[in-house]
Amino acid sequence: MTAEAHPALAFHLTGTRPDGDASDPASLALCPALLRNFLDLRELRYDYPLVLVDTEGEAAIDSLCEIVNRVLRSIAPRGLDGERVRRNVLAVESAIRDLVSTRQDLLLSAAFDEAADRQLARPDRSAEDRELLLKDIVRARRELGADGRLVGCGAEATRAVVEHIFRRVERQRSRAAFLQIERAIHRLRGLLRCDDLRSRDGRGPTALRNAVGTSFESELDFDKLAEYLPSTKAESRLPRERRRRIESALAVLEGQRFFSPDGEGAYDFECTSCREALDRHDQRLPAMVDLARAIRVAELELDNAYCAEIHDPYLASFDRSSLNSQDASLFPAYLVDVDGDGIGPEEKAALIGALSSNLPFKILVHTNDVFREPRIGDDGDFGAWNLGLARMASGLGSAFVVQTTSSHVYAVRDGIAEGMTRRGPALFRTAAGAAPGHSSISPYLVSASATESRAFPTFIYDPAAGEELSGHFELDANPQPERVWPVSELSYEDCDRQRVVDDLEFTVVDYLAADSRYARHFMALPAGDWDASMVPLAEYLGGEDADTTGRVPYIWMVDRNEVLQRVVVARGLLEAAKRCERDWRSLQELAGVRTDRVRRLIEEAQREWEKQSMGQGEIAPNGADESPTSLDSAAVAAKAAGNDRSPDEPFIETVRCSTCDECVNRNNKMFRYNQNKQAYIEDLNAGTYRQMVEAAEACKLALIHPGKPWNPDEPDLDELMRRAAPFI
Amino acid sequence: MLGFPNQCSLVANGERYAVADYESGVPRWCSGCGDHGILGAFQRLCRDEQLPPEKTVFVSGIGCSSRFPHYMRTYGFHGLHGRALPVAEGIKLRRPDLHVFVNTGDGDCCSIGTAHWIHAIRYNMDMTVVMHDNQIYGLTKMQMSPTTPKGLKSNTSPRGAYLDALNPLTTTLGVSNVSFVAQAVDWIPSLFQEILSQAFHHKGFSFIRVLQRCPNYLPTLFDSMMHEPSRTLILWHEQGLARDPELARVYDRQIEHDPSDIARARELASDLEVAPVGILYRNEQVPCYEDVRRSDQLQTPEMIEAALNEEFDNFTVEPVRQAETAEGE
Ligand SMILES: Cc1ncc(C[n+]2csc(CCOP(=O)(O)OP(=O)(O)O)c2C)c(N)n1
Ligand code: SF4
Ligand SMILES: [Mg+2]
């Protein structure tokens with residue numbers, strides 16, 4: 001068979017079509033078959049619109065759908081009544097979606113009210129219906145919870161979410177830092193105030209008069225009172241050097257401009273280029289160093305731990321290199337909002353620099369166009385930079401990375417918050433489905449299919465998550481992460497009007513088929529021209545070793561009349577598909593996802609192992625030569641040590657001494673306390689055998705063993721030895 | 001302390017506190033009094049933990065045992081009878097950076113201070129409380145206390161105490177939010193030391209009842225326990241005290257007890273024949289009141305003054321004018 005004789009093959013191989021051919025998806029208004037059911041978003045309940053919640057203590061991002069679910073859980077009972085409540089509230093939810101699709105900056109509460117009014121005003125409702133609806137609406141409204149701005153899934157959605165989370169985290173950070181600094185100021189001032197009170201002036205007539213206030217002013221003679229107050233000793237005043245140190249730290253703390261009670265400092269920490277952020281950071285470094293130094297002094301002074309010999313030189317040489325990661329977590333982070341579609345080489349270099357630093361740069365690189373068509377001078381085709389940036393950043397090892405499309409931003413909101421909270425750099429690589437070629441499909445659907453097709457997988461890379469690399473990557477937000485391409489059911493009616501359900505993979509080529517800029521890489525084929533050489537694209541791509549010569553890959557699309565079409569894919573596009581597949585597989589590997597391949601390998605290894613161990617007989621049981629536990633041996637050793645003692649020698653079981661003072665009160669030269677304040681015999685010659693025996697009798701725990709007398713001239717030894725006998 | 005993690009990697013001064021650095025004055029307890037041993041254990045704890053004396057407070061009520069703060073060279077508050085706990089709570093609330101310890105007697109805690117005790121357990125504030133239980137009022141010269149055993153004669157129960165004693169362990173274990181309960185005896189110092197250390201490290205209200213000898217008024221009270229090791233049951237566990245083979249030579253009744261098992265703890269605590277020694281119960285999950293109520297609001301003296309003035313503005317105090325009074329009469 002020659003290519004000429006087979007137009008589909010010819011198109012596949014060359015990408016050229018006969019003159020006047022208009023069988024491309026754009027001209028025929030084709031839509032990838034699996035997307036067909038989602039074209040009308042009004043019929044769907046999905047994460048959007050999102051709610052950017054301002055209320056502290058509540059989750060920063062919520063989703064309308066989740067909120068309504070929560071409301072329904074609390075107000076809609078089972079049964080018919082509940083059904084009605086559900087229907088009514090869901091109608092309001094749907095009306096809110098409508099509102100958000102045309103208006104911006106709506107608050108959830110306002111949108112709810114407006115949507116509810118619209119529902120109530122519908123002419124097709126009976127008076128009774130309306131009354132019940134009103135009742136349901138009022139109850140639902142009460143349960144709404146925290147308010148916030150609504151965002152739809154447009155080009156700006158991810159930016160709005162990332163910015164919102166950043167500002168909330170930073171406001172909290174700034175407020176906490178402000179409070180800590182205020183507390184330090186307050187307590188340092190307290191130290192100075194105490195010192196002032198001890199000064200001559202502090203005890204002088206004026207200070208005393210001020211302390212008493214005006215009510216009894218006339219009753220007291222403050223000059224006399226001042227005379228009576230004892231003057232303070234010089235050593236109870238703060239040393240001059242210490243006072244000066246506290247005052248200068250106080251001045252820095254009081255003058256700082258990074259933080260304020262409302263969480264907003266004097267500096268601007270948001271900009272649109274990494275270069276600029278690095279410059280700003282450099283300019284502010286001296287002020288940061290001063291503040292960090294003052295905090296160190298405050299800590300030491302308040303802990304009463306300042307030691308001039310150590311800390312004077314330490315603080316004298318304190319500079320930018322002395323700032324550590326804890327300082328980084330104290331100071332505000334930078335939000336850099338880089339335009340991913342227009343980024344130039346200089347900014348790219350600054351971006352890499354920022355991401356590999358340990359500075360708190362939170363960098364959002366947003367792109368509207370995931371698969372931009374190659375331009376002259378671009379480094380790579382099909383947006384290689386766009387697709388590879390996040391993975392490259394994860395390779396740097398220092399940055400927290402979140403990659404997501406706008407459709408999946410809700411699913412990774414916790415990851416975004418984590419990246420913001422961490423002290424080091426973070427990259428938020430986001431994409432919206434707002435490329436020019438996709439104008440006929442809603443941005444939500446475009447971005448969801450960018451994730452679904454592995455064109456722009458969603459992932460989180462946490463550089464600090466555990467020892468193993470696989471623990472650092474999280475792919476859970478992707479559909480069917482263990483597969484190469486996710487599979488969905490396609491149900492249709494065949495020519496015999498029978499319902500057929502097929503499993504269909506959704507690949508990056510399906511995603512590109514919906515982009516009119518790539519239409520020329522596709523050709524729809526009339527059913528009459530279908531033949532056995534045609535293979536579904538996923539199969540074509542999947543057969544790594546298979547011979548694809550003479551094979552024509554196709555995908556399924558649906559036309560305006562809801563008829564399924566086989567659409568042949570030009571070979572040129574398969575490069576992009578293969579690269580996506582390769583990238584996705586390597587992500588799976590990095591994340592330790594148990595793919596089919598991995599599972600197969602494990603099974604093989606297991607079989608092999610079983611085969612080998614069959615002939616080898618029993619494995620020796622563990623611990624056959626069990627040795628006595630250390631506990632037992634310790635006990636034995638202890639016992640032995642106890643028996644070693646000669647009964648003739650006076651002795652105290654010091655470790656059991658309960659510090660009752662009985663012996664040391666009798667003779668504190670013979671009996672002494674050790675560093676643990678437990679008694680031992682210090683000097684036998686400092687006391688008598690009588691004292692020893694009496695101490696033994698007094699010791700309630702019988703820890704004193706008097707031994708034999710050491711001075712044969714002591715009187716009454718016989719009697720004493722008789723009394724000592726029970727304690728020997 | 002500032003809320004900033006302390007960033008000075010340099011140790012302020014190479015000096016370490018020794019036991020002697022925590023000693024203050026000569027204790028006025030009778031010789032042989034169990035309080036001496038408890039004092040020694042606390043001084044060792046402070047040394048082992050290197051607690052800065054200026055960051056440490058001992059609070060007590062009234063009683064022999066409550067003289068404790070005088071003998072510690074730290075901050076101290078020798079308060080009112082039965083009121084050690086509310087004072088300690090106030091300190092902790094205002095100065096969460098301080099290490100707060102409470103010493104209270106059986107009279108102080110289980111008689112006049114009972115209401116405070118019960119609520120302090122429930123508040124679960126981070127402090128270590130040792131109840132010196134000599135089962136008698138020592139300071140006021142041998143009067144019956146709530147823990148005095150039934151039948152024991154004292155100056156206020158000359159025919160013997162009529163009622164069964166109150167059990168401080170089961171009582172504590174019965175209060176909501178209880179988070180740490182242990183029992184020690186002053187005559188086994190190594191166990192008390194270990195229990196004290198674990199109580200100190202527990203975040204929350206750690207309650208240790210110590211059976212404490214009063215050789216002056218009840219010289220033989222604990223004799224049977226001291227002479228019959230089988231009346232002591234030592235509790236060990238991975239999460240509690242380690243097994244001590246040295247001690248096992250004398251005290252051979254030792255069982256494994258999981259301190260998270262409150263039902264078993266209550267059972268063990270109810271046994272009046274055999275005294276459990278060790279950690280009966282521990283739960284790290286109970287929130288502390290000072291954390292629950294922690295406010296971000298900085299309270300400066302100015303703000304406190306303003307708030308007080310606002311309160312005072314609710315009242316009018318009219319000065320009694322001499323002339324008018326005279327006229328009225
Ligand atoms: C309000 C008040 N009531 C009574 C007393 C008298 N008082 C002083 S100490 C004490 C009992 C102390 O017993 P305990 O707490 O067991 O301490 P111990 O002396 O046994 O260590 C009493 C009733 C007091 N000081 N204040
Ligand atoms: S009376 Fe009892 S409790 Fe008080 S000091 Fe003496 S021995 Fe200790
Ligand atoms: Mg008592």
# chains A, B, ... in the order shown; residues from 1 in each chain; ligands from 1
$ interface_residues --of "chain A" --to "chain B" --cutoff "7 Å" --atoms "only C-alpha atoms" --output "list in words"
Gln180, Arg183, Ala184, His186, Arg296, Glu299, Ala305, Tyr306, Cys307, Leu631, Ala634, Ala635, Ala638, Arg656, Cys657, Ser658, Thr659, Cys660, Asp661, Glu662, Gln675, Asn676, Lys677 and Leu701 of chain A
$ residues_around --residues "region 264-273 of chain A" --least-positions-apart "2" --cutoff "7 Å" --atoms "only C-alpha atoms" --output "list in words"
Arg171, Ser174, Arg257, Phe258, Phe259, Ser260, Asp262, Arg275, Glu276, Ala277, Ala333, Tyr334, Leu335, Val336, Asp337, Val338 and Glu347 of chain A
$ select_by_dssp --residues "region 271-466 of chain A" --states "strand (DSSP E or B)" --output "ChimeraX atom specification"
/A:271,334-339,361-367,400-405,426-431,459-461
$ closest_residue --among "B:Ile136, B:Leu218, B:Leu235, B:Ile208" --to "ligand 3" --atoms "only C-alpha atoms and all ligand atoms"
B:Ile136
$ residues_near_ligand --ligand "ligand 3" --cutoff "9 Å" --atoms "only C-alpha atoms and all ligand atoms" --output "PDB file with C-alpha atoms, in the first residue's frame"
ATOM      1  CA  GLY B  63       1.364  24.083 106.633  1.00  0.00           C
ATOM      2  CA  CYS B  64       4.731  22.552 107.486  1.00  0.00           C
ATOM      3  CA  SER B  65       5.059  21.425 103.891  1.00  0.00           C
ATOM      4  CA  THR B 104       0.613  21.707  99.206  1.00  0.00           C
ATOM      5  CA  GLY B 105      -0.248  19.569 102.235  1.00  0.00           C
ATOM      6  CA  ASP B 106      -3.074  17.098 102.586  1.00  0.00           C
ATOM      7  CA  GLY B 107      -4.896  19.617 104.733  1.00  0.00           C
ATOM      8  CA  ASP B 108      -4.064  22.472 102.448  1.00  0.00           C
ATOM      9  CA  MET B 131       0.900  17.080  97.581  1.00  0.00           C
ATOM     10  CA  HIS B 132       2.884  16.262 100.740  1.00  0.00           C
ATOM     11  CA  ASP B 133       0.510  13.748 102.261  1.00  0.00           C
ATOM     12  CA  ASN B 134       1.501  13.036 105.850  1.00  0.00           C
ATOM     13  CA  GLN B 135      -2.170  12.363 106.571  1.00  0.00           C
ATOM     14  CA  ILE B 136      -2.245  14.890 109.378  1.00  0.00           C
ATOM     15  CA  TYR B 137      -2.149  18.618 109.985  1.00  0.00           C
ATOM     16  CA  GLY B 138       1.469  18.952 111.067  1.00  0.00           C
ATOM     17  CA  LEU B 139       1.846  22.659 111.557  1.00  0.00           C
ATOM     18  CA  MET B 142      -1.666  16.855 114.900  1.00  0.00           C
ATOM     19  CA  GLN B 143      -5.180  17.452 113.823  1.00  0.00           C
ATOM     20  CA  MET B 144      -7.091  15.056 111.639  1.00  0.00           C
ATOM     21  CA  SER B 145      -7.012  15.750 107.932  1.00  0.00           C
ATOM     22  CA  THR B 147      -6.598  11.720 104.381  1.00  0.00           C
ATOM     23  CA  GLN B 212       5.326  11.763 103.433  1.00  0.00           C
ATOM     24  CA  CYS B 214       5.804  12.940 109.839  1.00  0.00           C
TER      25      CYS B 214
END
$ residues_around --residues "region 515-529 of chain A" --least-positions-apart "2" --cutoff "6 Å" --atoms "only C-alpha atoms" --output "number ranges by chain"
A: 23-26, 437-438, 512-513, 566-570
$ select_by_dssp --residues "region 177-281 of chain B" --states "alpha helix (DSSP H)" --output "NGL selection string"
:B and (189-201 or 223-227 or 245-248 or 262-270)
$ residues_around --residues "Leu98 (chain B)" --least-positions-apart "5" --cutoff "10 Å" --atoms "only C-alpha atoms" --output "list in words"
Met1, Leu51, Pro52, Pro53, Glu54, Lys55, Thr56, Val57, Tyr75, Ile91, Lys92, Leu93, Asp126 and Met127 of chain B
$ residues_around --residues "Ser394 (chain A)" --least-positions-apart "2" --cutoff "10 Å" --atoms "only C-alpha atoms" --output "PyMOL selection string"
chain A and resi 355-356+389-392+396-402+426-427+460-463+472-473
$ decode --residues "region 36-52 of chain A" --atoms "N, CA, C and O atoms" --output "tab-separated table (two decimals), in the first residue's frame"
chain	number	residue	atom	x	y	z
A	36	ARG	N	-17.40	15.99	25.36
A	36	ARG	CA	-18.73	16.35	24.88
A	36	ARG	C	-19.74	16.62	26.02
A	36	ARG	O	-20.46	17.62	25.99
A	37	ASN	N	-19.72	15.75	27.02
A	37	ASN	CA	-20.75	15.87	28.07
A	37	ASN	C	-20.54	17.04	29.01
A	37	ASN	O	-21.38	17.31	29.85
A	38	PHE	N	-19.41	17.69	28.88
A	38	PHE	CA	-19.11	18.75	29.85
A	38	PHE	C	-19.18	20.14	29.25
A	38	PHE	O	-18.80	21.11	29.88
A	39	LEU	N	-19.63	20.19	28.01
A	39	LEU	CA	-19.58	21.49	27.32
A	39	LEU	C	-20.44	22.54	28.01
A	39	LEU	O	-20.06	23.70	28.12
A	40	ASP	N	-21.59	22.14	28.51
A	40	ASP	CA	-22.46	23.12	29.16
A	40	ASP	C	-22.21	23.07	30.67
A	40	ASP	O	-22.75	22.24	31.39
A	41	LEU	N	-21.39	23.99	31.13
A	41	LEU	CA	-20.99	23.96	32.54
A	41	LEU	C	-22.14	24.26	33.49
A	41	LEU	O	-22.08	23.93	34.66
A	42	ARG	N	-23.18	24.90	32.96
A	42	ARG	CA	-24.27	25.25	33.86
A	42	ARG	C	-24.94	24.01	34.43
A	42	ARG	O	-25.59	24.04	35.46
A	43	GLU	N	-24.77	22.91	33.71
A	43	GLU	CA	-25.40	21.69	34.20
A	43	GLU	C	-24.50	20.94	35.20
A	43	GLU	O	-24.87	19.88	35.69
A	44	LEU	N	-23.33	21.49	35.43
A	44	LEU	CA	-22.38	20.77	36.29
A	44	LEU	C	-22.22	21.43	37.64
A	44	LEU	O	-22.37	22.65	37.76
A	45	ARG	N	-21.93	20.62	38.63
A	45	ARG	CA	-21.49	21.18	39.92
A	45	ARG	C	-20.00	20.89	40.01
A	45	ARG	O	-19.59	19.74	39.94
A	46	TYR	N	-19.20	21.90	40.13
A	46	TYR	CA	-17.76	21.69	40.22
A	46	TYR	C	-17.19	22.72	41.18
A	46	TYR	O	-17.94	23.54	41.72
A	47	ASP	N	-15.86	22.66	41.42
A	47	ASP	CA	-15.25	23.49	42.47
A	47	ASP	C	-15.57	24.98	42.35
A	47	ASP	O	-15.73	25.67	43.33
A	48	TYR	N	-15.62	25.47	41.13
A	48	TYR	CA	-15.80	26.91	40.95
A	48	TYR	C	-17.26	27.31	41.05
A	48	TYR	O	-18.12	26.48	40.77
A	49	PRO	N	-17.57	28.53	41.40
A	49	PRO	CA	-16.65	29.58	41.83
A	49	PRO	C	-16.04	29.26	43.19
A	49	PRO	O	-16.66	28.61	44.02
A	50	LEU	N	-14.83	29.77	43.39
A	50	LEU	CA	-14.18	29.61	44.69
A	50	LEU	C	-14.47	30.84	45.54
A	50	LEU	O	-14.80	31.90	45.00
A	51	VAL	N	-14.35	30.66	46.83
A	51	VAL	CA	-14.59	31.78	47.73
A	51	VAL	C	-13.27	32.11	48.42
A	51	VAL	O	-12.65	31.23	49.03
A	52	LEU	N	-12.82	33.34	48.29
A	52	LEU	CA	-11.59	33.77	48.96
A	52	LEU	C	-11.97	34.31	50.33
A	52	LEU	O	-12.46	35.43	50.45
